[in-house]
$ cat target18.tsv   # TSV, C-alpha atoms and all ligand atoms
chain	number	residue	atom	x	y	z
V	1	MET	CA	0.00	0.00	0.00
V	2	ARG	CA	1.22	3.48	-0.92
V	3	VAL	CA	-0.31	6.49	0.81
V	4	LEU	CA	-0.14	10.22	0.13
V	5	GLY	CA	-0.19	12.14	3.45
V	6	ILE	CA	-1.21	15.78	3.81
V	7	GLU	CA	-0.56	17.96	6.88
V	8	THR	CA	-2.04	21.48	7.17
V	9	SER	CA	-3.10	21.79	10.83
V	10	CYS	CA	-1.09	24.90	11.69
V	11	ASP	CA	1.73	26.79	9.95
V	12	GLU	CA	3.45	24.02	8.02
V	13	THR	CA	2.27	22.51	4.74
V	14	GLY	CA	3.58	18.95	4.60
V	15	VAL	CA	3.08	16.32	1.90
V	16	ALA	CA	4.69	12.88	1.80
V	17	VAL	CA	4.34	9.46	0.22
V	18	TYR	CA	4.76	6.37	2.39
V	19	ASP	CA	4.99	2.86	0.99
V	20	LYS	CA	4.32	-0.11	3.26
V	21	GLN	CA	7.24	-2.12	1.85
V	22	ALA	CA	9.72	0.54	0.75
V	23	GLY	CA	9.06	3.07	3.53
V	24	LEU	CA	9.12	6.82	2.99
V	25	LEU	CA	9.37	7.67	-0.72
V	26	SER	CA	9.15	11.45	-0.55
V	27	ASN	CA	8.71	14.25	1.93
V	28	GLN	CA	7.94	17.88	1.07
V	29	LEU	CA	7.59	20.65	3.59
V	30	TYR	CA	6.83	24.33	3.33
V	31	SER	CA	7.04	26.42	6.48
V	32	GLN	CA	5.01	29.62	6.89
V	33	VAL	CA	7.26	30.86	9.69
V	34	GLU	CA	8.37	34.01	7.84
V	35	LEU	CA	4.76	34.93	7.03
V	36	HIS	CA	3.68	34.83	10.67
V	37	ALA	CA	6.91	36.18	12.18
V	38	ASN	CA	5.76	39.74	11.38
V	39	TYR	CA	2.77	39.22	13.69
V	40	GLY	CA	4.55	37.40	16.52
V	41	GLY	CA	2.31	34.33	16.18
V	42	VAL	CA	0.19	32.32	13.74
V	43	VAL	CA	-2.60	34.30	12.05
V	44	PRO	CA	-5.23	31.62	11.26
V	45	GLU	CA	-6.71	33.24	8.14
V	46	LEU	CA	-3.28	33.87	6.62
V	47	ALA	CA	-2.27	30.29	7.44
V	48	ALA	CA	-5.28	28.86	5.60
V	49	ARG	CA	-4.69	31.03	2.54
V	50	ASP	CA	-1.01	30.12	2.40
V	51	HIS	CA	-1.79	26.38	2.65
V	52	LEU	CA	-4.15	26.85	-0.30
V	53	ARG	CA	-1.38	28.53	-2.30
V	54	LYS	CA	1.16	25.81	-1.59
V	55	ILE	CA	-0.71	22.55	-1.34
V	56	VAL	CA	-1.06	21.57	-5.01
V	57	PRO	CA	2.56	22.39	-5.99
V	58	LEU	CA	3.73	20.42	-2.93
V	59	ILE	CA	1.63	17.39	-3.89
V	60	GLN	CA	3.09	17.53	-7.40
V	61	ALA	CA	6.59	17.83	-5.92
V	62	ALA	CA	6.01	14.88	-3.57
V	63	LEU	CA	4.85	12.66	-6.46
V	64	GLU	CA	7.81	13.77	-8.58
V	65	GLU	CA	10.28	13.17	-5.76
V	66	ALA	CA	8.88	9.65	-5.35
V	67	ASN	CA	8.97	9.14	-9.13
V	68	LEU	CA	5.28	8.26	-9.09
V	69	SER	CA	2.11	9.31	-10.84
V	70	ALA	CA	-1.36	9.61	-9.33
V	71	ALA	CA	-2.18	6.08	-10.52
V	72	ASP	CA	0.46	4.68	-8.13
V	73	ILE	CA	-1.27	6.02	-5.00
V	74	ASN	CA	-3.60	3.64	-3.12
V	75	GLY	CA	-4.95	6.01	-0.49
V	76	VAL	CA	-4.94	9.61	0.73
V	77	ALA	CA	-4.50	10.59	4.38
V	78	TYR	CA	-5.01	14.09	5.70
V	79	THR	CA	-4.89	15.75	9.12
V	80	ALA	CA	-8.50	16.30	10.24
V	81	GLY	CA	-7.67	17.76	13.66
V	82	PRO	CA	-6.85	19.05	16.15
V	83	GLY	CA	-5.66	22.37	14.73
V	84	LEU	CA	-6.85	25.61	13.11
V	85	ALA	CA	-10.23	25.07	11.42
V	86	GLY	CA	-9.47	26.99	8.21
V	87	ALA	CA	-6.02	25.45	7.84
V	88	LEU	CA	-7.36	21.93	8.45
V	89	LEU	CA	-10.15	22.46	5.90
V	90	VAL	CA	-7.62	23.11	3.12
V	91	GLY	CA	-5.83	19.78	3.60
V	92	ALA	CA	-9.06	17.87	4.24
V	93	SER	CA	-10.91	19.18	1.16
V	94	VAL	CA	-7.94	18.75	-1.16
V	95	GLY	CA	-7.18	15.29	0.26
V	96	ARG	CA	-10.79	14.11	0.08
V	97	ALA	CA	-11.25	15.50	-3.45
V	98	LEU	CA	-8.05	13.90	-4.73
V	99	ALA	CA	-9.03	10.52	-3.30
V	100	PHE	CA	-12.40	10.83	-5.08
V	101	ALA	CA	-10.77	11.80	-8.37
V	102	TRP	CA	-8.18	9.02	-8.06
V	103	LYS	CA	-10.83	6.48	-6.99
V	104	VAL	CA	-8.93	5.48	-3.84
V	105	PRO	CA	-9.98	5.59	-0.15
V	106	ALA	CA	-9.40	8.65	2.01
V	107	VAL	CA	-8.66	8.61	5.74
V	108	PRO	CA	-8.73	11.43	8.30
V	109	VAL	CA	-5.74	11.40	10.67
V	110	HIS	CA	-5.47	12.75	14.21
V	111	HIS	CA	-2.50	15.13	14.26
V	112	MET	CA	-1.29	13.96	17.68
V	113	GLU	CA	-1.51	10.30	16.66
V	114	GLY	CA	0.70	11.32	13.74
V	115	HIS	CA	3.26	12.73	16.19
V	116	LEU	CA	2.90	9.72	18.49
V	117	LEU	CA	3.64	7.30	15.63
V	118	ALA	CA	6.42	9.41	14.03
V	119	ALA	CA	9.06	7.30	15.82
V	120	MET	CA	7.79	4.37	13.68
V	121	LEU	CA	9.38	6.07	10.67
V	122	GLU	CA	12.82	5.26	12.09
V	123	GLU	CA	14.79	2.04	11.72
V	124	HIS	CA	14.62	1.07	15.40
V	125	THR	CA	10.97	1.39	16.40
V	126	PRO	CA	9.25	1.18	19.79
V	127	ALA	CA	7.03	-1.82	20.54
V	128	PHE	CA	3.72	-1.44	22.40
V	129	PRO	CA	3.07	-0.86	25.23
V	130	PHE	CA	4.84	2.45	25.76
V	131	VAL	CA	4.49	5.74	27.59
V	132	ALA	CA	4.32	8.67	25.16
V	133	LEU	CA	5.15	12.23	26.10
V	134	LEU	CA	3.49	14.48	23.51
V	135	VAL	CA	5.01	17.94	23.70
V	136	SER	CA	4.01	20.36	20.95
V	137	GLY	CA	2.95	23.96	20.60
V	138	GLY	CA	-0.65	23.12	21.49
V	139	HIS	CA	-0.43	19.99	23.66
V	140	THR	CA	1.46	18.53	26.60
V	141	GLN	CA	0.20	15.05	27.40
V	142	LEU	CA	1.43	11.83	28.93
V	143	ILE	CA	-0.23	8.86	27.24
V	144	SER	CA	-0.29	5.16	27.97
V	145	ALA	CA	-0.25	3.55	24.50
V	146	THR	CA	-1.07	-0.16	24.43
V	147	GLY	CA	-1.81	-0.43	20.68
V	148	ILE	CA	-2.78	1.71	17.69
V	149	GLY	CA	-5.68	3.85	18.85
V	150	LYS	CA	-5.48	2.42	22.38
V	151	TYR	CA	-4.51	5.55	24.20
V	152	GLU	CA	-5.18	6.42	27.81
V	153	LEU	CA	-4.48	9.89	29.15
V	154	LEU	CA	-2.17	9.75	32.18
V	155	GLY	CA	-1.64	13.49	32.56
V	156	LYS	CA	-1.88	16.78	30.71
V	157	SER	CA	-1.11	20.47	31.08
V	158	MET	CA	-3.67	22.42	33.06
V	159	ASP	CA	-2.77	25.60	31.15
V	160	ASP	CA	-0.02	26.37	28.60
V	161	ALA	CA	1.55	23.59	26.55
V	162	ALA	CA	5.33	23.20	26.94
V	163	GLY	CA	5.99	24.53	23.42
V	164	GLU	CA	3.64	27.44	24.05
V	165	ALA	CA	5.55	28.29	27.26
V	166	PHE	CA	8.82	28.20	25.29
V	167	ASP	CA	7.37	30.49	22.63
V	168	LYS	CA	5.84	32.97	25.10
V	169	THR	CA	8.99	33.18	27.21
V	170	ALA	CA	11.06	33.62	24.05
V	171	LYS	CA	8.81	36.52	23.08
V	172	LEU	CA	9.38	38.12	26.51
V	173	LEU	CA	13.12	37.80	25.85
V	174	GLY	CA	12.64	39.64	22.55
V	175	LEU	CA	13.20	36.58	20.33
V	176	ASP	CA	11.34	36.16	17.04
V	177	TYR	CA	8.43	33.73	16.55
V	178	PRO	CA	8.55	30.77	16.89
V	179	GLY	CA	10.95	31.36	19.75
V	180	GLY	CA	11.21	27.82	21.22
V	181	PRO	CA	14.21	26.65	19.19
V	182	MET	CA	15.87	30.09	19.47
V	183	LEU	CA	15.42	30.22	23.26
V	184	SER	CA	16.99	26.80	23.47
V	185	LYS	CA	19.91	28.00	21.36
V	186	ILE	CA	20.72	31.00	23.55
V	187	ALA	CA	20.22	28.88	26.69
V	188	GLN	CA	23.35	26.97	25.69
V	189	GLN	CA	25.41	30.10	26.49
V	190	GLY	CA	23.60	30.57	29.81
V	191	VAL	CA	25.02	30.07	33.30
V	192	PRO	CA	23.00	27.27	34.92
V	193	ASP	CA	21.47	28.08	38.29
V	194	ARG	CA	21.98	31.87	38.12
V	195	PHE	CA	18.18	32.01	37.95
V	196	ILE	CA	16.37	29.10	39.55
V	197	PHE	CA	12.82	28.67	38.26
V	198	PRO	CA	10.26	26.50	40.10
V	199	ARG	CA	9.49	22.94	38.89
V	200	PRO	CA	5.67	23.27	38.82
V	201	MET	CA	3.51	20.49	40.26
V	202	THR	CA	6.43	18.17	40.99
V	203	ASP	CA	6.08	18.50	44.79
V	204	ARG	CA	2.78	16.62	44.77
V	205	PRO	CA	1.77	13.27	43.31
V	206	GLY	CA	0.19	13.08	39.88
V	207	LEU	CA	1.10	13.39	36.23
V	208	ASP	CA	-0.43	16.75	35.28
V	209	PHE	CA	1.60	19.80	34.29
V	210	SER	CA	1.31	23.56	34.60
V	211	PHE	CA	3.63	25.86	32.68
V	212	SER	CA	1.95	29.27	32.71
V	213	GLY	CA	3.57	30.18	36.06
V	214	LEU	CA	7.02	29.79	34.53
V	215	LYS	CA	6.17	32.42	31.95
V	216	THR	CA	5.15	34.82	34.75
V	217	PHE	CA	8.31	33.95	36.68
V	218	ALA	CA	10.31	34.73	33.52
V	219	ALA	CA	8.47	38.06	33.06
V	220	ASN	CA	9.26	39.09	36.65
V	221	THR	CA	12.90	38.00	36.35
V	222	ILE	CA	13.32	39.93	33.10
V	223	ARG	CA	11.77	43.05	34.69
V	224	LYS	CA	14.14	42.94	37.68
V	225	ASN	CA	17.35	42.45	35.68
V	226	SER	CA	19.27	44.15	32.91
V	227	ARG	CA	18.60	43.08	29.31
V	228	ASP	CA	22.18	42.26	28.28
V	229	ASP	CA	22.82	39.15	26.17
V	230	GLN	CA	24.36	37.15	29.02
V	231	THR	CA	21.43	37.82	31.37
V	232	CYS	CA	18.96	36.81	28.64
V	233	ALA	CA	20.92	33.60	28.06
V	234	ASP	CA	20.98	32.90	31.83
V	235	ILE	CA	17.20	33.41	32.08
V	236	ALA	CA	16.65	31.19	29.02
V	237	CYS	CA	18.84	28.52	30.63
V	238	GLY	CA	16.96	28.70	33.96
V	239	PHE	CA	13.62	28.49	32.15
V	240	GLU	CA	14.62	25.59	29.90
V	241	ASP	CA	16.06	23.60	32.82
V	242	ALA	CA	12.80	24.03	34.75
V	243	VAL	CA	10.59	22.84	31.84
V	244	VAL	CA	12.90	19.96	31.02
V	245	ASP	CA	13.30	18.82	34.65
V	246	THR	CA	9.52	18.91	35.09
V	247	LEU	CA	8.93	16.85	31.93
V	248	THR	CA	11.64	14.38	32.96
V	249	ILE	CA	10.26	13.91	36.49
V	250	LYS	CA	6.75	13.25	35.14
V	251	CYS	CA	8.03	10.80	32.51
V	252	ARG	CA	9.83	8.87	35.27
V	253	ARG	CA	6.64	8.79	37.33
V	254	ALA	CA	4.56	7.64	34.34
V	255	LEU	CA	7.02	4.81	33.67
V	256	GLU	CA	6.93	3.78	37.34
V	257	LYS	CA	3.13	3.91	37.39
V	258	THR	CA	2.60	1.84	34.23
V	259	GLY	CA	5.64	-0.43	34.58
V	260	PHE	CA	6.25	0.06	30.81
V	261	LYS	CA	9.84	-0.15	29.56
V	262	ASN	CA	9.52	2.02	26.45
V	263	LEU	CA	9.23	5.79	26.37
V	264	VAL	CA	8.34	7.71	23.19
V	265	ILE	CA	8.89	11.47	23.03
V	266	ALA	CA	7.07	13.28	20.23
V	267	GLY	CA	6.02	16.73	19.01
V	268	GLY	CA	8.05	19.89	18.38
V	269	VAL	CA	9.63	20.11	21.84
V	270	SER	CA	11.03	16.57	21.43
V	271	ALA	CA	13.66	18.23	19.22
V	272	ASN	CA	15.01	19.96	22.35
V	273	HIS	CA	18.58	18.96	23.04
V	274	THR	CA	18.52	19.50	26.82
V	275	LEU	CA	15.37	17.35	27.09
V	276	ARG	CA	17.11	14.51	25.27
V	277	THR	CA	20.20	14.79	27.50
V	278	LYS	CA	18.21	14.81	30.75
V	279	LEU	CA	15.99	11.91	29.66
V	280	ALA	CA	19.10	9.91	28.77
V	281	ALA	CA	20.42	10.56	32.29
V	282	MET	CA	17.04	9.58	33.81
V	283	ILE	CA	16.91	6.18	32.06
V	284	TYR	CA	20.58	5.44	32.80
V	285	LYS	CA	20.84	2.24	34.82
V	286	ARG	CA	17.09	1.73	34.48
V	287	ASP	CA	15.83	-0.97	32.14
V	288	ILE	CA	14.14	1.60	29.91
V	289	GLU	CA	14.55	2.67	26.28
V	290	VAL	CA	13.62	6.07	24.90
V	291	PHE	CA	12.56	6.65	21.28
V	292	TYR	CA	12.35	9.82	19.17
V	293	ALA	CA	11.66	10.63	15.56
V	294	ARG	CA	14.56	12.19	13.65
V	295	LEU	CA	14.71	15.97	14.19
V	296	GLU	CA	12.81	16.93	11.01
V	297	PHE	CA	9.93	14.63	12.02
V	298	CYS	CA	9.66	16.02	15.58
V	299	THR	CA	7.95	19.13	14.24
V	300	ASP	CA	4.94	19.06	11.89
V	301	ASN	CA	5.37	17.10	8.66
V	302	GLY	CA	3.45	15.07	6.07
V	303	ALA	CA	5.43	11.84	6.62
V	304	MET	CA	3.89	11.13	10.02
V	305	ILE	CA	0.40	11.69	8.55
V	306	ALA	CA	1.08	9.37	5.61
V	307	TYR	CA	2.32	6.69	8.04
V	308	ALA	CA	-0.58	7.00	10.51
V	309	GLY	CA	-3.02	7.06	7.56
V	310	MET	CA	-1.51	3.91	6.10
V	311	VAL	CA	-1.92	2.05	9.39
V	312	ARG	CA	-5.60	3.05	9.61
V	313	LEU	CA	-6.35	2.39	5.91
V	314	GLU	CA	-4.82	-1.05	6.21
V	315	SER	CA	-7.31	-1.95	8.89
V	316	GLY	CA	-10.20	-0.67	6.81
V	317	VAL	CA	-10.81	2.80	8.29
V	318	THR	CA	-12.03	5.17	5.55
V	319	GLN	CA	-13.96	8.41	5.24
V	320	ASP	CA	-17.14	8.76	3.14
V	321	LEU	CA	-17.46	11.59	0.66
V	322	SER	CA	-18.17	14.23	3.28
V	323	VAL	CA	-15.40	16.54	4.46
V	324	SER	CA	-15.24	17.43	8.12
V	325	VAL	CA	-12.52	18.59	10.47
V	326	ARG	CA	-12.28	18.63	14.27
V	327	PRO	CA	-10.30	21.62	15.59
V	328	ARG	CA	-10.70	20.10	19.08
V	329	TRP	CA	-10.35	16.35	19.13
V	330	PRO	CA	-9.18	14.40	22.20
V	331	LEU	CA	-6.69	11.68	21.27
V	332	THR	CA	-8.47	9.28	23.61
V	333	GLU	CA	-11.58	9.41	21.39
V	334	LEU	CA	-9.82	7.50	18.61
V	335	ARG	CA	-11.10	4.03	17.87
V	336	PRO	CA	-8.69	1.21	18.64
V	337	LEU	CA	-7.70	-0.86	15.59
X	1	LIG	O1	4.61	19.77	16.93
X	1	LIG	P1	4.86	21.16	16.45
X	1	LIG	O2	5.74	21.34	15.24
X	1	LIG	O3	3.53	21.90	16.15
X	1	LIG	C1	2.38	21.70	16.90
X	1	LIG	O4	1.67	20.69	16.65
X	1	LIG	O5	2.18	22.53	17.80
X	1	LIG	O6	5.49	21.94	17.72
X	1	LIG	C2	5.87	23.28	17.63
X	1	LIG	C3	6.36	23.71	18.98
X	1	LIG	C4	6.62	25.20	19.08
X	1	LIG	O7	6.06	25.68	20.28
X	1	LIG	C5	8.13	25.30	19.09
X	1	LIG	O8	8.63	26.44	19.75
X	1	LIG	C6	8.51	24.04	19.81
X	1	LIG	O9	7.62	23.06	19.30
X	1	LIG	N1	9.90	23.63	19.55
X	1	LIG	C7	10.88	23.64	20.48
X	1	LIG	C8	12.06	23.21	19.83
X	1	LIG	N2	11.76	22.97	18.51
X	1	LIG	C9	10.43	23.23	18.37
X	1	LIG	N3	10.84	23.94	21.79
X	1	LIG	C10	12.00	23.83	22.48
X	1	LIG	N4	13.17	23.45	21.94
X	1	LIG	C11	13.25	23.13	20.62
X	1	LIG	N5	14.41	22.73	20.09
X	2	ZN	ZN	2.28	19.20	15.69

$ encode --input "target18.tsv" --output "structure tokens" --more "lines below"
Ligand code: KG4
Ligand code: ZN
Amino acid sequence: MRVLGIETSCDETGVAVYDKQAGLLSNQLYSQVELHANYGGVVPELAARDHLRKIVPLIQAALEEANLSAADINGVAYTAGPGLAGALLVGASVGRALAFAWKVPAVPVHHMEGHLLAAMLEEHTPAFPFVALLVSGGHTQLISATGIGKYELLGKSMDDAAGEAFDKTAKLLGLDYPGGPMLSKIAQQGVPDRFIFPRPMTDRPGLDFSFSGLKTFAANTIRKNSRDDQTCADIACGFEDAVVDTLTIKCRRALEKTGFKNLVIAGGVSANHTLRTKLAAMIYKRDIEVFYARLEFCTDNGAMIAYAGMVRLESGVTQDLSVSVRPRWPLTELRPL
């Protein structure tokens, strides 16, 4: 089976072709970052219009890269949620229409299931059951995954997602959107422990998170100190250490609670270098393995949607001719395969 995957949930247009036997045949990505940078965040209407502008050329490029024609595609997968309604509608309508024209089945994909399964695109893949930490711009969740679609929520953020906290704190430090990766970069020059941020909700049992207080702590720290480059780097370092320590502590607890031996980290923040280092230290001398997607598949992409779509299509999940999207869509509502 060969599936064309389309991702348009936020500010990245991604199109890829995944083949069950041969693996990933092509992967095309267009980022709208520059478009939204002028506004300091994603403008939903502009995002939708830009997806519309880019989607068809990207599909053509993905087919060309894979050396395929439309007749070689057996199914079309598109992100149906969660995400921005207008942006989702572009990918969903184009995907559904193409599947109709090509006389192949279409399948809606849950964006977070795409992230969760992105590690399956690598050579060494995690086996079920595993604990998944989903850390993106919109979500922070700990999931017990016992099979495809068998997801139980262990904990989630009560307020800001981890990526959102990175982006908001980066903005306070005067860094351009999306500030997460940039904050992490300047944090490398920071002096650890000059500013010690709290580790929210780690002093009580449970697997939920809260990151909005860190942003306020950052705002107060910035206000009380000078704005030189070293101080900004030190604040970034203190902030990053607090987020990463908190995520690491909760992952350890989730592993202890479930008794699972595999940990999957997915979503944009899984690209964070400090997170990877601290998780490696946490699992050291424990009988636990941690899995990530390669860096380009940590953030939004079409490959993870093509893969997740293929898995669902294979077990007979398809969408009728109607087009619908779900901007809010809990991962736990997915049907097990
Ligand atoms: O998964 P993703 O590409 O999009 C969503 O589904 O939200 O995640 C984007 C988020 C942004 O908040 C971005 O700042 C954050 O992931 N991010 C990072 C890093 N790379 C991306 N945060 C911290 N460190 C990074 N290296
Ligand atoms: Zn995402």

$ closest_residue --input "target18.tsv" --among "V:Thr8, V:Ser226, V:Asn27, V:Thr318" --to "ligand LIG 1 (chain X)" --atoms "all atoms listed in the file"
V:Thr8

$ closest_atom_pairs --input "target18.tsv" --of "chain V" --to "ligand LIG 1 (chain X)" --cutoff "6 Å" --atoms "only C-alpha atoms and all ligand atoms" --output "JSON lines"
{"residue": "V:Ser136", "atom": "CA", "partner": "X:LIG1", "partner_atom": "O6", "distance": 3.9}
{"residue": "V:Gly137", "atom": "CA", "partner": "X:LIG1", "partner_atom": "O5", "distance": 3.2}
{"residue": "V:Gly138", "atom": "CA", "partner": "X:LIG1", "partner_atom": "O5", "distance": 4.7}
{"residue": "V:Gly163", "atom": "CA", "partner": "X:LIG1", "partner_atom": "O7", "distance": 3.3}
{"residue": "V:Glu164", "atom": "CA", "partner": "X:LIG1", "partner_atom": "O7", "distance": 4.8}
{"residue": "V:Phe166", "atom": "CA", "partner": "X:LIG1", "partner_atom": "O8", "distance": 5.8}
{"residue": "V:Asp167", "atom": "CA", "partner": "X:LIG1", "partner_atom": "O8", "distance": 5.1}
{"residue": "V:Pro178", "atom": "CA", "partner": "X:LIG1", "partner_atom": "O8", "distance": 5.2}
{"residue": "V:Gly179", "atom": "CA", "partner": "X:LIG1", "partner_atom": "O8", "distance": 5.4}
{"residue": "V:Gly180", "atom": "CA", "partner": "X:LIG1", "partner_atom": "O8", "distance": 3.3}
{"residue": "V:Pro181", "atom": "CA", "partner": "X:LIG1", "partner_atom": "C11", "distance": 3.9}
{"residue": "V:Ser184", "atom": "CA", "partner": "X:LIG1", "partner_atom": "N4", "distance": 5.3}
{"residue": "V:Gly267", "atom": "CA", "partner": "X:LIG1", "partner_atom": "O1", "distance": 3.9}
{"residue": "V:Gly268", "atom": "CA", "partner": "X:LIG1", "partner_atom": "O9", "distance": 3.3}
{"residue": "V:Val269", "atom": "CA", "partner": "X:LIG1", "partner_atom": "C7", "distance": 4.0}
{"residue": "V:Ala271", "atom": "CA", "partner": "X:LIG1", "partner_atom": "N5", "distance": 4.6}
{"residue": "V:Asn272", "atom": "CA", "partner": "X:LIG1", "partner_atom": "N5", "distance": 3.6}
{"residue": "V:Thr299", "atom": "CA", "partner": "X:LIG1", "partner_atom": "O2", "distance": 3.3}
{"residue": "V:Asp300", "atom": "CA", "partner": "X:LIG1", "partner_atom": "O2", "distance": 4.1}

$ residues_near_ligand --input "target18.tsv" --ligand "ligand ZN 2 (chain X)" --cutoff "12 Å" --atoms "all atoms listed in the file" --output "ChimeraX atom specification"
/V:7-14,79,81-84,110-118,134-140,161,163-164,266-271,296-302,304-305

$ closest_residue --input "target18.tsv" --among "V:Tyr177, V:Phe260, V:Tyr151, V:Tyr30" --to "V:Val43" --atoms "all atoms listed in the file"
V:Tyr177

$ residues_near_point --input "target18.tsv" --point "(2.1, 30.5, 12.4)" --cutoff "9 Å" --atoms "only C-alpha atoms" --output "JSON list (two decimals) with C-alpha atoms, keeping the file's coordinate frame"
[["chain", "number", "residue", "atom", "x", "y", "z"],
["V", 10, "CYS", "CA", -1.09, 24.90, 11.69],
["V", 11, "ASP", "CA", 1.73, 26.79, 9.95],
["V", 12, "GLU", "CA", 3.45, 24.02, 8.02],
["V", 31, "SER", "CA", 7.04, 26.42, 6.48],
["V", 32, "GLN", "CA", 5.01, 29.62, 6.89],
["V", 33, "VAL", "CA", 7.26, 30.86, 9.69],
["V", 34, "GLU", "CA", 8.37, 34.01, 7.84],
["V", 35, "LEU", "CA", 4.76, 34.93, 7.03],
["V", 36, "HIS", "CA", 3.68, 34.83, 10.67],
["V", 37, "ALA", "CA", 6.91, 36.18, 12.18],
["V", 39, "TYR", "CA", 2.77, 39.22, 13.69],
["V", 40, "GLY", "CA", 4.55, 37.40, 16.52],
["V", 41, "GLY", "CA", 2.31, 34.33, 16.18],
["V", 42, "VAL", "CA", 0.19, 32.32, 13.74],
["V", 43, "VAL", "CA", -2.60, 34.30, 12.05],
["V", 44, "PRO", "CA", -5.23, 31.62, 11.26],
["V", 46, "LEU", "CA", -3.28, 33.87, 6.62],
["V", 47, "ALA", "CA", -2.27, 30.29, 7.44],
["V", 177, "TYR", "CA", 8.43, 33.73, 16.55],
["V", 178, "PRO", "CA", 8.55, 30.77, 16.89]]

$ atom_distance --input "target18.tsv" --atom1 "atom CA of V:Ile143" --atom2 "atom CA of V:Gly155"
7.2 Å

$ residues_around --input "target18.tsv" --residues "V:Val325" --least-positions-apart "2" --cutoff "7 Å" --atoms "only C-alpha atoms" --output "PyMOL selection string"
chain V and resi 80-81+85+88-89+323+327

$ closest_residue --input "target18.tsv" --among "V:Val90, V:Leu275, V:Leu207, V:Cys237" --to "V:Gly190" --atoms "all atoms listed in the file"
V:Cys237

$ atom_distance --input "target18.tsv" --atom1 "atom CA of V:Val15" --atom2 "atom CA of V:Pro105"
17.0 Å

$ atom_distance --input "target18.tsv" --atom1 "atom CA of V:Gly23" --atom2 "atom CA of V:Ala62"
14.1 Å

$ closest_residue --input "target18.tsv" --among "V:Lys185, V:Ala303, V:Met120, V:Ala106" --to "V:Gly5" --atoms "all atoms listed in the file"
V:Ala303

$ decode --input "target18.tsv" --residues "stretch 311-315 of chain V" --atoms "all heavy atoms" --output "compact mmCIF listing (two decimals), in the first residue's frame"
# COMPACT_ATOMS: atom_id res chain seq x y z
N VAL V 311 -1.58 3.03 8.36
CA VAL V 311 -1.92 2.05 9.39
C VAL V 311 -3.44 1.93 9.51
O VAL V 311 -4.01 0.85 9.61
CB VAL V 311 -1.30 2.47 10.75
CG1 VAL V 311 -1.77 1.58 11.86
CG2 VAL V 311 0.21 2.46 10.66
N ARG V 312 -4.13 3.06 9.48
CA ARG V 312 -5.60 3.05 9.61
C ARG V 312 -6.26 2.49 8.35
O ARG V 312 -7.21 1.72 8.43
CB ARG V 312 -6.12 4.45 9.94
CG ARG V 312 -5.70 4.84 11.35
CD ARG V 312 -6.51 5.88 12.03
NE ARG V 312 -6.19 5.77 13.45
CZ ARG V 312 -6.96 5.19 14.36
NH1 ARG V 312 -8.15 4.77 14.04
NH2 ARG V 312 -6.56 5.10 15.61
N LEU V 313 -5.76 2.90 7.17
CA LEU V 313 -6.35 2.39 5.91
C LEU V 313 -6.21 0.88 5.83
O LEU V 313 -7.14 0.19 5.41
CB LEU V 313 -5.64 3.04 4.71
CG LEU V 313 -6.09 4.44 4.33
CD1 LEU V 313 -5.16 5.03 3.27
CD2 LEU V 313 -7.53 4.46 3.81
N GLU V 314 -5.07 0.40 6.26
CA GLU V 314 -4.82 -1.05 6.21
C GLU V 314 -5.84 -1.84 7.01
O GLU V 314 -6.14 -2.98 6.71
CB GLU V 314 -3.44 -1.34 6.78
CG GLU V 314 -2.37 -1.37 5.73
CD GLU V 314 -1.13 -2.04 6.28
OE1 GLU V 314 -0.80 -1.85 7.47
OE2 GLU V 314 -0.51 -2.78 5.52
N SER V 315 -6.33 -1.20 8.09
CA SER V 315 -7.31 -1.95 8.89
C SER V 315 -8.74 -1.54 8.52
O SER V 315 -9.68 -1.79 9.27
CB SER V 315 -7.04 -1.77 10.37
OG SER V 315 -7.23 -0.45 10.69
